[in-house]
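Beneath this line is the structure, given in structure tokens, with notes to follow.
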Amino acid sequence: MAKRAPVGSDAEAGAPRGAPASVPDAWLVGRVRAGDAEAYGELVRRHMRRAFSIAYRILEHREDAEDVVQEAFVRALERFDTLEPGRPFAPWMYRIVVNGALNYRRARSVRRTEPIPEDTRSGDAAPDGAAERAELSRRLRDAMAGLPERQRTIVQLAELEGFSSAEVAEILGLSDGTVRWHLHQARRTLREALAPLLEEDR
Amino acid sequence: MNDERRGPGTSGDALRRALLAASPEPPLDAVDWDALHGRVMAQAPKILARSAARRAWWDVAAAWAARGIPVTAASAAAAAVLLALAGAPTAAWLAEYETIALLPTTMETELAADAAMLIGNEIGDDELAWALLVYEGEEP
């Protein structure tokens, strides 16, 4: 997994142009409050990739994730005055993305009945052999699907997106302790589901 | 702290690797970032204009409130002072008040005296009726 910039940082990977990374998010936020659309454009540029990544982890569908990200950035601008002065932009933005993705998935689960496409990624850490990999993926997907929504989201943000428990807590509006507890519970559940395969992997 | 901090080869690390292997990587290269950015920013001017209009309305309201509250407070204070000064009783007013205040007492005393005289004289029904008519101003 690629090393991620901290959730509140201004130096998100993949800001192709616009204001230099040395210009802090807080300054851009101030400009947006004054009605500067260009400043918001720069914030979008800085955070849209990470926002997409988060939405994709939850939705596992590119177009859906793009729709959610687009809607999230529009909603964020509409509700910009709810971003408290002094609070970092990124966790606030990612919370809107997470909530949007979760709502989208709930709506989609009503609309769609076909299963989520199987994983096509070949993990180098997976057990040797396509059959074992497929079995591991299937068990893991089943175990993840069986987790309560909150625990599943925490696992996706912490284990897959690489956020620390404190960052997850800030994004989800929970206490750090609550996030750690959910993470512990989720890991235990997943380990139990995968125990035989993980033993072979060691 | 938690499982995140475990070393390589532990079950926490294996679990993470298994999760990553089982989860499709976000297809960052497949997204048209300029188009996505453009779709968001196409709506930005309208939203910012609405926000500015809302802010302008609040600014006007706040400006009026900023001026209105001291003016109202000053007016209230001035009115209280004027009422206090205008309401102070003068000597002439006090004299008139005392005269008026004494009137009911005088009338009650006179009526009581008349009643006592009538009862004391054991007047008849005709006399009582006549007295009532006189009292009510309908003297025949």
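By convention here, the chains of the structure tokens are called A, B, ... in the order presented, each chain's residues are numbered starting at 1, and ligands are numbered starting at 1 in the order presented.
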
If we count only C-alpha atoms and set the cut-off at 8 Å, which residues sit around region 152-169 of chain A, ignoring sequence neighbours fewer than 2 positions away in its own chain? Please answer as a PyMOL selection string. (chain A and resi 1+3-4+6-7+53-54+57-58+91+144-145+147-150+171-176+178-180+182-183+186) or (chain B and resi 16+19-20)

Once DSSP has gone over the backbone, tell me which residues of region 11-140 of chain B are in helix (DSSP H, G or I), as a ChimeraX atom specification. /B:11-22,28-30,33-86,91-120,125-135

Exercise answer, chain B residues close to chain A, 6 Å and only C-alpha atoms, as a PyMOL selection string: chain B and resi 16+21-22+24+26+40+48

Keeping C-alpha atoms for every residue in the selection just given, could you write it to a file as a compact mmCIF listing (two decimals), in the first residue's frame?
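This went into result_28.txt:
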```txt
# COMPACT_ATOMS: atom_id res chain seq x y z
CA ARG B 16 -3.99 -6.36 6.40
CA ALA B 21 -5.15 -8.52 -1.72
CA ALA B 22 -8.88 -9.14 -1.63
CA PRO B 24 -9.71 -3.97 -5.67
CA PRO B 26 -9.00 2.27 -6.57
CA VAL B 40 -17.65 20.24 -9.62
CA LEU B 48 -20.83 30.93 -4.17
```

With only C-alpha atoms as the counted atoms, please give the residues lying no more than 8 Å from Ala26 (chain A), apart from itself and same-chain residues fewer than 4 positions off, as number ranges by chain. A: 30, 86, 88-89

Store the residues picked out above, limited to C-alpha atoms, as an mmCIF file, in the first residue's frame.
```
data_model
loop_
_atom_site.group_PDB
_atom_site.id
_atom_site.type_symbol
_atom_site.label_atom_id
_atom_site.label_comp_id
_atom_site.auth_asym_id
_atom_site.auth_seq_id
_atom_site.Cartn_x
_atom_site.Cartn_y
_atom_site.Cartn_z
ATOM 1 C CA GLY A 30 -10.398 31.596 4.052
ATOM 2 C CA GLY A 86 -9.740 26.663 12.614
ATOM 3 C CA PRO A 88 -8.914 21.332 9.047
ATOM 4 C CA PHE A 89 -10.640 20.972 5.698
#
```

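When only C-alpha atoms are used to measure the gap to Leu43 (chain A), the shortest distance among B:Val71, B:Val31, B:Ala77, B:Met41 belongs to B:Met41.
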